[in-house]
Amino acid sequence: MKEIDLFSLALQNLRRKPYRSVAIGLCVAVMVGSLFIATIVLRGVQTSLSVGQARLGADLVVVPTGYETPAQEAFITGQPTTFYMPDQVESQIAELHGVAQTSTQVYVQTLTNAKCCIGEFFLIGFDPETDFTIAPWLATHLKGKPLGPLDVIAGDRILLREGDGATFYGTNFRIAGVLEKTGMGIDRTIYVPIEGLRQMIADSYGLAEQPLAINPDEISSIMVSIEAGADIIDVAERIEGQVEGVHVFTASQLNQAVARQMQGVMGITFGVTATLWLMSLLLVGLIFSLIVNERQRELGLLRAMGAPRRAVFRLVMSEAGLLTGLGGVSGLVISGVILMSFSRLIQLRLRIPYLLPSTVEIIAVEVGLLILALFTGALASLQPALSISRLEPYAAIRQGE
Amino acid sequence: MTAPEIQGKAPIIQLEGVSKHYLQGTQTVRAVDAVSMQIFPGNFVSITGRSGSGKTTLLSLVGGLTSPTAGQVNVFEHPLQSLDDSAISALRAERIGFVFQFASLIPTLTALDNVRLPGLFAEQPVEQSYAAELLDWVGLSEKINNYPAELSGGQQARVSLARALANRPELLLADEPTGNLDVDTEWEMLSLLRDLNLNQNTTILLVTHNPELAQYGDRHLVMQSGGLTESYQWLQAQVAADG
Amino acid sequence: MKKLNALGIATAVVGVLIILTPVILPVCEGLLELTNGKQVPMRCFWTARAEMIIGGLIAITGLMIAFLKSAEARRRLNHQVALLGVVTILTPLFIIPTCTHPDMACNLGTKPALIILGAVTLGLGLYGSRTPEPEISDHTIS
């Protein structure tokens, strides 16, 4: 050791009982790690919801009654679904007070094994004439180029690039653009202009293995934007009251659905984490009572060498801080690796929208958890550190004689 | 010269009516009872007595490791009672060295780093070269980079002596420094202490249960049931020697 | 009982975990139909098989390290552990790559798990390969 200081002495002390140190460090690591994963997943869901909502671009989404749950699933996680209602519903809604714009969408049966891509994804027909949800995006990304009937827009997870060709149900399309990542269902969706979609349905009788049985006057959902100053809830209630057989989603309802879905999982996770924290606190406290007892004579000897009370106090606190700090850092590293590696798996298993929060936010969470780890060490070792530093050196040295 | 008082010099240790009583169950133990003594710079004083006679307690009172229930302890002309913890600690760090019966070296530090350890609490760190010099003096120049577990009991005791001297103390308080050692090592340690006293003029207060060791000091005190007296045999021997 | 080498035991445990990975986080289950009509398992099925064999090798090497007395022999075997760790990482990436689509089971769970365990194996092997440090124990004479 080049220079001896209290900190390096504390570090050396931890090496004396490597298994014990590793065990405590691991306990803190598990505590910090699970808290990190839980927090980042929760924040990831919130990030995804806000991005996804902005992308959704509609104030209200109208679907036929009886399909609330699959519709919700489709919006949140992109779980493909199909349901239909007559297209005259749109005109009924458009006439209502407070409704500014409406645009219809048609959902097409799941494609699991299209020629282009593997995995489930969602085909949605939209009407470029009336659309206001994808249109603003189109305006900036296609720079005013008109969208042909066979030009489609793909979500981020479809893994197709702009300009790629793709064949659905026997009809050849061209990818005109790829949407930004949202972590929500939109990522696994391909938007097809309604004209191209109707053509694909018609041609599917001759070209596809299985024809698509969708009538030309059937639609799946209606996107609604409300007039400035109108109340979202009022308009939603008016639609449900005056148009038969429809259910209206508001953006906040989607949020609540996700919140409900997550409540269970997150409740358990935070419960387990709180228990882990208490356990770490007790364990570190217990071990440090043991350590100061074990080393009472040695610490008394340090006092005889001229260490003042506060030096002994700081030595014990440094040891605890180092141990929980190192445990915390390893917990963050391990959980970070796990989170990065398995985030898609977690997302699909929990059926939640998820988008990695910003780097600044992740760093803030990491710093916060590290402070929690250090605080745990300090809190747990406070009593042992105080009692040993208050003990008369004579008594400490005589102990065990 | 029966009482080696050095004229004109203030005592380095002065105890006046010092008592240390404590309760053990319902009984009051008088570990140190109304002890007064003066020790002058350069003295080599041995204290012997049966175990439990209060030797270690007396040494701890001198070193400020415990405080007396009555009386006044002055070390380096400082009344210890009036000093706070950091002042007493500073006194120990800069001017007093301790050697105990047990070496209690830090197992994760080499012999050299164990010797340098007291520098942590003093104004000045202990230079590596000085620590190596001390280890050389105690005969461990070959072992400076060994860990305590690689040293014998006697070698560990010698490292602890080197450690006690790392801050160049004026006063060395030794509590049974040879208690665990075999006879040969015991004498080696003692000759080191004598060397220190003669050549560095370090004041030494040596507590030992072995009266044979006591004859090497220039003063021999005996502790009995908390009280302190000059050794009668030792005084007689001195008178005989003076002829 | 003789004290076993902790590093060897840890290596053996990681080896067993690698064997168990395709069981806990299965690869894709579907079968592919070739142009001649034959049904064959997907590519990742073979990745899993290969990794289970590699995991077995790691576990056996770990046990040997745990029981061997010679420090030099243990060090040699740890070189082998490090190498097997590299193979564990490279298999799903390059040697027998998993399926193409990132949302398939083999890419969601199995591959990252194998890469992490491979990295742990590599770390254990490298740590065990270093020249031994002096023993530090907590028993001084008091």
# chains A, B, ... in the order shown; residues from 1 in each chain; ligands from 1
>>> select_by_dssp(residues="segment 87-124 of chain C", states="helix (DSSP H, G or I)", output="PyMOL selection string")
chain C and resi 87-95+105-124
>>> residues_around(residues="Met104 of chain C", least_positions_apart="2", cutoff="9 Å", atoms="only C-alpha atoms", output="VMD selection string")
(chain A and resid 118 to 119) or (chain C and resid 27 to 28 99 to 102 106 to 109)
>>> atom_distance(atom1="atom CA of Val316 of chain A", atom2="atom CA of Cys27 of chain A")
19.1 Å
>>> interface_residues(of="chain A", to="chain C", cutoff="10 Å", atoms="only C-alpha atoms", output="list of chain:residue names")
A:Asn13, A:Arg15, A:Arg16, A:Lys17, A:Pro18, A:Cys117, A:Ile118, A:Gly119, A:Glu120, A:Arg157, A:Ile158, A:Leu159, A:Arg297, A:Glu298, A:Ile334, A:Val337, A:Ile338, A:Met340, A:Ser341, A:Phe342, A:Ser343, A:Arg344, A:Leu345, A:Ile346, A:Leu348
>>> closest_residue(among="A:Gln12, A:Ser91, A:Ser48, A:Gln399", to="chain B", atoms="only C-alpha atoms")
A:Gln12
>>> interface_residues(of="chain B", to="chain A", cutoff="9 Å", atoms="only C-alpha atoms", output="number ranges by chain")
B: 57, 60-61, 63-67, 85-94, 96-98, 100, 104-110, 113, 116-122, 125, 128, 163-164
>>> atom_distance(atom1="atom CA of Leu379 of chain A", atom2="atom CA of Val272 of chain A")
20.3 Å
>>> interface_residues(of="chain B", to="chain C", cutoff="12 Å", atoms="only C-alpha atoms", output="ChimeraX atom specification")
/B:100-110,145-157,160,177,179-181
>>> residues_around(residues="Ile60 of chain C", least_positions_apart="4", cutoff="8 Å", atoms="only C-alpha atoms", output="VMD selection string")
chain C and resid 12 15 56 64
>>> write_last_selection(atoms="C-alpha atoms", output="mmCIF file, in the first residue's frame")
data_model
loop_
_atom_site.group_PDB
_atom_site.id
_atom_site.type_symbol
_atom_site.label_atom_id
_atom_site.label_comp_id
_atom_site.auth_asym_id
_atom_site.auth_seq_id
_atom_site.Cartn_x
_atom_site.Cartn_y
_atom_site.Cartn_z
ATOM 1 C CA ALA C 12 -19.685 -25.891 -12.259
ATOM 2 C CA GLY C 15 -22.074 -24.749 -16.437
ATOM 3 C CA GLY C 56 -21.768 -29.824 -19.740
ATOM 4 C CA MET C 64 -12.370 -30.999 -11.737
#
>>> select_by_dssp(residues="segment 3-242 of chain B", states="strand (DSSP E)", output="JSON list (two decimals) with N, CA, C and O atoms, in the first residue's frame")
[["chain", "number", "residue", "atom", "x", "y", "z"],
["B", 13, "ILE", "N", 5.41, 11.77, 34.13],
["B", 13, "ILE", "CA", 4.12, 11.23, 34.62],
["B", 13, "ILE", "C", 4.01, 11.61, 36.09],
["B", 13, "ILE", "O", 4.96, 11.46, 36.86],
["B", 14, "GLN", "N", 2.87, 12.15, 36.46],
["B", 14, "GLN", "CA", 2.65, 12.47, 37.86],
["B", 14, "GLN", "C", 1.23, 12.04, 38.24],
["B", 14, "GLN", "O", 0.25, 12.54, 37.68],
["B", 15, "LEU", "N", 1.15, 11.09, 39.19],
["B", 15, "LEU", "CA", -0.15, 10.63, 39.67],
["B", 15, "LEU", "C", -0.33, 11.11, 41.10],
["B", 15, "LEU", "O", 0.59, 11.00, 41.92],
["B", 16, "GLU", "N", -1.49, 11.67, 41.40],
["B", 16, "GLU", "CA", -1.75, 12.13, 42.76],
["B", 16, "GLU", "C", -3.06, 11.57, 43.26],
["B", 16, "GLU", "O", -4.12, 11.93, 42.75],
["B", 17, "GLY", "N", -2.96, 10.65, 44.21],
["B", 17, "GLY", "CA", -4.15, 10.04, 44.83],
["B", 17, "GLY", "C", -5.11, 9.45, 43.82],
["B", 17, "GLY", "O", -6.32, 9.59, 43.92],
["B", 18, "VAL", "N", -4.54, 8.78, 42.82],
["B", 18, "VAL", "CA", -5.38, 8.28, 41.73],
["B", 18, "VAL", "C", -6.04, 6.94, 42.10],
["B", 18, "VAL", "O", -5.37, 6.02, 42.56],
["B", 19, "SER", "N", -7.35, 6.88, 41.95],
["B", 19, "SER", "CA", -8.09, 5.64, 42.21],
["B", 19, "SER", "C", -8.94, 5.30, 40.99],
["B", 19, "SER", "O", -9.39, 6.18, 40.27],
["B", 20, "LYS", "N", -9.09, 4.00, 40.78],
["B", 20, "LYS", "CA", -10.04, 3.54, 39.76],
["B", 20, "LYS", "C", -10.87, 2.45, 40.41],
["B", 20, "LYS", "O", -10.37, 1.36, 40.68],
["B", 21, "HIS", "N", -12.12, 2.78, 40.69],
["B", 21, "HIS", "CA", -13.03, 1.80, 41.28],
["B", 21, "HIS", "C", -14.11, 1.50, 40.28],
["B", 21, "HIS", "O", -14.53, 2.38, 39.55],
["B", 22, "TYR", "N", -14.52, 0.28, 40.22],
["B", 22, "TYR", "CA", -15.69, -0.02, 39.40],
["B", 22, "TYR", "C", -16.51, -1.12, 40.04],
["B", 22, "TYR", "O", -16.03, -1.85, 40.91],
["B", 23, "LEU", "N", -17.75, -1.17, 39.61],
["B", 23, "LEU", "CA", -18.67, -2.13, 40.19],
["B", 23, "LEU", "C", -18.62, -3.43, 39.40],
["B", 23, "LEU", "O", -18.64, -3.43, 38.17],
["B", 24, "GLN", "N", -18.50, -4.53, 40.14],
["B", 24, "GLN", "CA", -18.61, -5.83, 39.47],
["B", 24, "GLN", "C", -19.74, -6.56, 40.20],
["B", 24, "GLN", "O", -19.55, -7.00, 41.33],
["B", 27, "GLN", "N", -20.32, -5.79, 44.06],
["B", 27, "GLN", "CA", -19.07, -5.48, 44.75],
["B", 27, "GLN", "C", -18.29, -4.37, 44.06],
["B", 27, "GLN", "O", -18.20, -4.33, 42.85],
["B", 28, "THR", "N", -17.73, -3.50, 44.86],
["B", 28, "THR", "CA", -16.86, -2.47, 44.31],
["B", 28, "THR", "C", -15.44, -3.02, 44.22],
["B", 28, "THR", "O", -14.89, -3.50, 45.22],
["B", 29, "VAL", "N", -14.89, -3.00, 43.00],
["B", 29, "VAL", "CA", -13.52, -3.46, 42.83],
["B", 29, "VAL", "C", -12.60, -2.24, 42.86],
["B", 29, "VAL", "O", -12.81, -1.29, 42.12],
["B", 30, "ARG", "N", -11.62, -2.26, 43.77],
["B", 30, "ARG", "CA", -10.66, -1.16, 43.84],
["B", 30, "ARG", "C", -9.44, -1.56, 43.02],
["B", 30, "ARG", "O", -8.45, -2.04, 43.59],
["B", 31, "ALA", "N", -9.53, -1.38, 41.69],
["B", 31, "ALA", "CA", -8.44, -1.81, 40.79],
["B", 31, "ALA", "C", -7.18, -1.00, 41.07],
["B", 31, "ALA", "O", -6.08, -1.54, 41.15],
["B", 32, "VAL", "N", -7.34, 0.30, 41.23],
["B", 32, "VAL", "CA", -6.23, 1.17, 41.60],
["B", 32, "VAL", "C", -6.74, 2.01, 42.76],
["B", 32, "VAL", "O", -7.82, 2.59, 42.69],
["B", 33, "ASP", "N", -5.94, 2.06, 43.85],
["B", 33, "ASP", "CA", -6.46, 2.69, 45.05],
["B", 33, "ASP", "C", -5.47, 3.73, 45.57],
["B", 33, "ASP", "O", -4.40, 3.39, 46.07],
["B", 34, "ALA", "N", -5.82, 4.96, 45.41],
["B", 34, "ALA", "CA", -5.05, 6.08, 45.96],
["B", 34, "ALA", "C", -3.55, 5.98, 45.66],
["B", 34, "ALA", "O", -2.71, 5.96, 46.55],
["B", 35, "VAL", "N", -3.23, 5.89, 44.38],
["B", 35, "VAL", "CA", -1.83, 5.77, 43.99],
["B", 35, "VAL", "C", -1.24, 7.14, 43.65],
["B", 35, "VAL", "O", -1.86, 7.93, 42.95],
["B", 36, "SER", "N", -0.07, 7.40, 44.20],
["B", 36, "SER", "CA", 0.67, 8.60, 43.81],
["B", 36, "SER", "C", 2.04, 8.18, 43.35],
["B", 36, "SER", "O", 2.67, 7.31, 43.95],
["B", 37, "MET", "N", 2.50, 8.75, 42.24],
["B", 37, "MET", "CA", 3.88, 8.46, 41.81],
["B", 37, "MET", "C", 4.35, 9.54, 40.85],
["B", 37, "MET", "O", 3.56, 10.30, 40.28],
["B", 38, "GLN", "N", 5.67, 9.57, 40.70],
["B", 38, "GLN", "CA", 6.28, 10.50, 39.76],
["B", 38, "GLN", "C", 7.28, 9.73, 38.92],
["B", 38, "GLN", "O", 8.08, 8.97, 39.46],
["B", 39, "ILE", "N", 7.24, 9.94, 37.62],
["B", 39, "ILE", "CA", 8.23, 9.30, 36.75],
["B", 39, "ILE", "C", 8.85, 10.40, 35.89],
["B", 39, "ILE", "O", 8.13, 11.25, 35.36],
["B", 44, "PHE", "N", 13.39, 4.17, 33.34],
["B", 44, "PHE", "CA", 12.91, 2.86, 32.91],
["B", 44, "PHE", "C", 12.32, 2.22, 34.16],
["B", 44, "PHE", "O", 13.04, 1.74, 35.01],
["B", 45, "VAL", "N", 11.01, 2.27, 34.25],
["B", 45, "VAL", "CA", 10.34, 1.82, 35.47],
["B", 45, "VAL", "C", 9.61, 0.51, 35.20],
["B", 45, "VAL", "O", 8.87, 0.40, 34.23],
["B", 46, "SER", "N", 9.85, -0.48, 36.06],
["B", 46, "SER", "CA", 9.11, -1.74, 35.94],
["B", 46, "SER", "C", 8.06, -1.80, 37.04],
["B", 46, "SER", "O", 8.30, -1.37, 38.17],
["B", 47, "ILE", "N", 6.92, -2.32, 36.70],
["B", 47, "ILE", "CA", 5.88, -2.55, 37.69],
["B", 47, "ILE", "C", 5.55, -4.03, 37.67],
["B", 47, "ILE", "O", 5.22, -4.58, 36.61],
["B", 48, "THR", "N", 5.68, -4.68, 38.80],
["B", 48, "THR", "CA", 5.30, -6.08, 38.87],
["B", 48, "THR", "C", 4.14, -6.23, 39.85],
["B", 48, "THR", "O", 3.77, -5.29, 40.55],
["B", 70, "ALA", "N", -11.01, 8.92, 41.01],
["B", 70, "ALA", "CA", -10.57, 10.00, 41.90],
["B", 70, "ALA", "C", -9.11, 10.28, 41.61],
["B", 70, "ALA", "O", -8.40, 9.42, 41.07],
["B", 71, "GLY", "N", -8.65, 11.48, 41.98],
["B", 71, "GLY", "CA", -7.24, 11.81, 41.83],
["B", 71, "GLY", "C", -6.95, 12.49, 40.50],
["B", 71, "GLY", "O", -7.85, 12.76, 39.70],
["B", 72, "GLN", "N", -5.64, 12.76, 40.33],
["B", 72, "GLN", "CA", -5.21, 13.58, 39.21],
["B", 72, "GLN", "C", -4.11, 12.85, 38.45],
["B", 72, "GLN", "O", -3.13, 12.40, 39.05],
["B", 73, "VAL", "N", -4.30, 12.70, 37.13],
["B", 73, "VAL", "CA", -3.25, 12.11, 36.29],
["B", 73, "VAL", "C", -2.66, 13.21, 35.42],
["B", 73, "VAL", "O", -3.37, 13.85, 34.65],
["B", 74, "ASN", "N", -1.36, 13.47, 35.56],
["B", 74, "ASN", "CA", -0.68, 14.43, 34.69],
["B", 74, "ASN", "C", 0.32, 13.70, 33.82],
["B", 74, "ASN", "O", 1.16, 12.96, 34.33],
["B", 75, "VAL", "N", 0.21, 13.90, 32.53],
["B", 75, "VAL", "CA", 1.18, 13.31, 31.60],
["B", 75, "VAL", "C", 1.71, 14.45, 30.75],
["B", 75, "VAL", "O", 0.92, 15.26, 30.23],
["B", 78, "HIS", "N", 0.28, 17.69, 31.36],
["B", 78, "HIS", "CA", -1.13, 17.96, 31.03],
["B", 78, "HIS", "C", -2.01, 17.19, 31.99],
["B", 78, "HIS", "O", -1.86, 15.96, 32.10],
["B", 79, "PRO", "N", -2.91, 17.86, 32.70],
["B", 79, "PRO", "CA", -3.88, 17.10, 33.48],
["B", 79, "PRO", "C", -4.88, 16.43, 32.51],
["B", 79, "PRO", "O", -5.62, 17.12, 31.80],
["B", 96, "ILE", "N", 3.10, 9.16, 22.85],
["B", 96, "ILE", "CA", 3.07, 7.93, 23.64],
["B", 96, "ILE", "C", 3.00, 6.71, 22.73],
["B", 96, "ILE", "O", 2.28, 6.72, 21.74],
["B", 97, "GLY", "N", 3.77, 5.68, 23.06],
["B", 97, "GLY", "CA", 3.66, 4.42, 22.33],
["B", 97, "GLY", "C", 3.16, 3.34, 23.28],
["B", 97, "GLY", "O", 3.46, 3.37, 24.46],
["B", 98, "PHE", "N", 2.35, 2.44, 22.74],
["B", 98, "PHE", "CA", 1.82, 1.34, 23.55],
["B", 98, "PHE", "C", 2.27, 0.00, 22.99],
["B", 98, "PHE", "O", 2.25, -0.21, 21.79],
["B", 99, "VAL", "N", 2.68, -0.91, 23.88],
["B", 99, "VAL", "CA", 2.86, -2.30, 23.46],
["B", 99, "VAL", "C", 2.01, -3.14, 24.40],
["B", 99, "VAL", "O", 2.01, -2.93, 25.61],
["B", 171, "LEU", "N", 7.41, 8.52, 25.45],
["B", 171, "LEU", "CA", 7.02, 7.63, 26.54],
["B", 171, "LEU", "C", 6.49, 6.33, 25.95],
["B", 171, "LEU", "O", 5.62, 6.35, 25.07],
["B", 172, "LEU", "N", 7.05, 5.21, 26.42],
["B", 172, "LEU", "CA", 6.57, 3.91, 25.94],
["B", 172, "LEU", "C", 5.90, 3.18, 27.10],
["B", 172, "LEU", "O", 6.51, 2.98, 28.16],
["B", 173, "LEU", "N", 4.64, 2.83, 26.91],
["B", 173, "LEU", "CA", 3.91, 2.09, 27.93],
["B", 173, "LEU", "C", 3.79, 0.64, 27.44],
["B", 173, "LEU", "O", 3.18, 0.39, 26.41],
["B", 174, "ALA", "N", 4.42, -0.28, 28.20],
["B", 174, "ALA", "CA", 4.44, -1.67, 27.75],
["B", 174, "ALA", "C", 3.73, -2.54, 28.78],
["B", 174, "ALA", "O", 4.12, -2.58, 29.95],
["B", 175, "ASP", "N", 2.65, -3.20, 28.32],
["B", 175, "ASP", "CA", 1.87, -4.04, 29.22],
["B", 175, "ASP", "C", 2.12, -5.50, 28.89],
["B", 175, "ASP", "O", 1.60, -6.02, 27.92],
["B", 203, "THR", "N", 11.41, 7.24, 27.78],
["B", 203, "THR", "CA", 10.93, 6.85, 29.10],
["B", 203, "THR", "C", 10.08, 5.59, 28.95],
["B", 203, "THR", "O", 9.22, 5.53, 28.07],
["B", 204, "ILE", "N", 10.34, 4.59, 29.78],
["B", 204, "ILE", "CA", 9.61, 3.33, 29.62],
["B", 204, "ILE", "C", 8.93, 2.95, 30.93],
["B", 204, "ILE", "O", 9.54, 3.01, 32.00],
["B", 205, "LEU", "N", 7.67, 2.60, 30.80],
["B", 205, "LEU", "CA", 6.94, 2.06, 31.94],
["B", 205, "LEU", "C", 6.55, 0.64, 31.54],
["B", 205, "LEU", "O", 5.73, 0.44, 30.64],
["B", 206, "LEU", "N", 7.19, -0.34, 32.20],
["B", 206, "LEU", "CA", 7.00, -1.73, 31.80],
["B", 206, "LEU", "C", 6.22, -2.48, 32.87],
["B", 206, "LEU", "O", 6.63, -2.52, 34.03],
["B", 207, "VAL", "N", 5.10, -3.04, 32.48],
["B", 207, "VAL", "CA", 4.32, -3.88, 33.39],
["B", 207, "VAL", "C", 4.63, -5.32, 33.07],
["B", 207, "VAL", "O", 4.57, -5.73, 31.91],
["B", 219, "ARG", "N", 14.16, 1.47, 38.12],
["B", 219, "ARG", "CA", 13.26, 1.60, 39.26],
["B", 219, "ARG", "C", 12.26, 0.47, 39.18],
["B", 219, "ARG", "O", 11.84, 0.09, 38.09],
["B", 220, "HIS", "N", 11.91, -0.10, 40.31],
["B", 220, "HIS", "CA", 11.01, -1.25, 40.33],
["B", 220, "HIS", "C", 9.87, -0.98, 41.32],
["B", 220, "HIS", "O", 10.12, -0.77, 42.50],
["B", 221, "LEU", "N", 8.67, -0.93, 40.80],
["B", 221, "LEU", "CA", 7.51, -0.72, 41.67],
["B", 221, "LEU", "C", 6.71, -2.01, 41.74],
["B", 221, "LEU", "O", 6.68, -2.79, 40.79],
["B", 222, "VAL", "N", 6.04, -2.21, 42.89],
["B", 222, "VAL", "CA", 5.23, -3.40, 43.05],
["B", 222, "VAL", "C", 3.79, -3.00, 43.31],
["B", 222, "VAL", "O", 3.53, -2.09, 44.10],
["B", 223, "MET", "N", 2.91, -3.64, 42.63],
["B", 223, "MET", "CA", 1.51, -3.35, 42.82],
["B", 223, "MET", "C", 0.84, -4.47, 43.58],
["B", 223, "MET", "O", 1.06, -5.64, 43.31],
["B", 224, "GLN", "N", 0.05, -4.10, 44.58],
["B", 224, "GLN", "CA", -0.63, -5.09, 45.39],
["B", 224, "GLN", "C", -1.99, -4.54, 45.76],
["B", 224, "GLN", "O", -2.09, -3.48, 46.37],
["B", 227, "GLY", "N", -2.66, -0.94, 45.39],
["B", 227, "GLY", "CA", -1.70, 0.02, 45.95],
["B", 227, "GLY", "C", -0.34, -0.16, 45.31],
["B", 227, "GLY", "O", 0.00, -1.22, 44.79],
["B", 228, "LEU", "N", 0.49, 0.90, 45.35],
["B", 228, "LEU", "CA", 1.79, 0.88, 44.69],
["B", 228, "LEU", "C", 2.88, 1.18, 45.70],
["B", 228, "LEU", "O", 2.79, 2.15, 46.45],
["B", 229, "THR", "N", 3.90, 0.31, 45.73],
["B", 229, "THR", "CA", 5.04, 0.58, 46.63],
["B", 229, "THR", "C", 6.33, 0.32, 45.87],
["B", 229, "THR", "O", 6.36, -0.41, 44.89],
["B", 230, "GLU", "N", 7.45, 0.92, 46.38],
["B", 230, "GLU", "CA", 8.76, 0.60, 45.81],
["B", 230, "GLU", "C", 9.09, -0.83, 46.23],
["B", 230, "GLU", "O", 8.75, -1.26, 47.35]]
>>> residues_around(residues="Ile214 of chain A", least_positions_apart="2", cutoff="9 Å", atoms="only C-alpha atoms", output="VMD selection string")
chain A and resid 84 108 198 201 212 216 to 219
>>> residues_around(residues="Val120 of chain C", least_positions_apart="2", cutoff="12 Å", atoms="only C-alpha atoms", output="JSON, numbers by chain")
{"A": [334, 337], "C": [7, 10, 11, 12, 13, 14, 15, 17, 18, 58, 81, 82, 83, 84, 85, 86, 88, 89, 113, 114, 115, 116, 117, 118, 122, 123, 124, 125, 126, 127]}
>>> atom_distance(atom1="atom CA of Arg238 of chain A", atom2="atom CA of Ala94 of chain A")
11.8 Å
>>> closest_residue(among="C:Arg43, C:Ile53, C:His79, C:Leu68", to="Val16 of chain C", atoms="only C-alpha atoms")
C:Ile53
>>> residues_around(residues="Leu60 of chain A", least_positions_apart="4", cutoff="6 Å", atoms="only C-alpha atoms", output="JSON, numbers by chain")
{"A": [224, 249, 250]}
>>> residues_around(residues="Ser221 of chain A", least_positions_apart="5", cutoff="7 Å", atoms="only C-alpha atoms", output="PyMOL selection string")
chain A and resi 61-63+104-106
>>> write_last_selection(atoms="N, CA and C atoms", output="tab-separated table (two decimals), in the first residue's frame")
chain	number	residue	atom	x	y	z
A	61	VAL	N	-61.00	6.99	-29.47
A	61	VAL	CA	-61.03	5.90	-30.44
A	61	VAL	C	-62.35	5.15	-30.22
A	62	VAL	N	-63.12	4.98	-31.31
A	62	VAL	CA	-64.42	4.32	-31.20
A	62	VAL	C	-64.30	2.91	-31.78
A	63	VAL	N	-64.73	1.91	-30.99
A	63	VAL	CA	-64.73	0.53	-31.46
A	63	VAL	C	-66.11	-0.08	-31.19
A	104	THR	N	-61.67	6.64	-40.45
A	104	THR	CA	-61.89	5.22	-40.16
A	104	THR	C	-60.63	4.39	-40.38
A	105	GLN	N	-60.62	3.26	-39.69
A	105	GLN	CA	-59.53	2.30	-39.88
A	105	GLN	C	-60.13	0.91	-40.01
A	106	VAL	N	-59.48	0.07	-40.80
A	106	VAL	CA	-59.94	-1.30	-40.98
A	106	VAL	C	-58.82	-2.25	-40.57
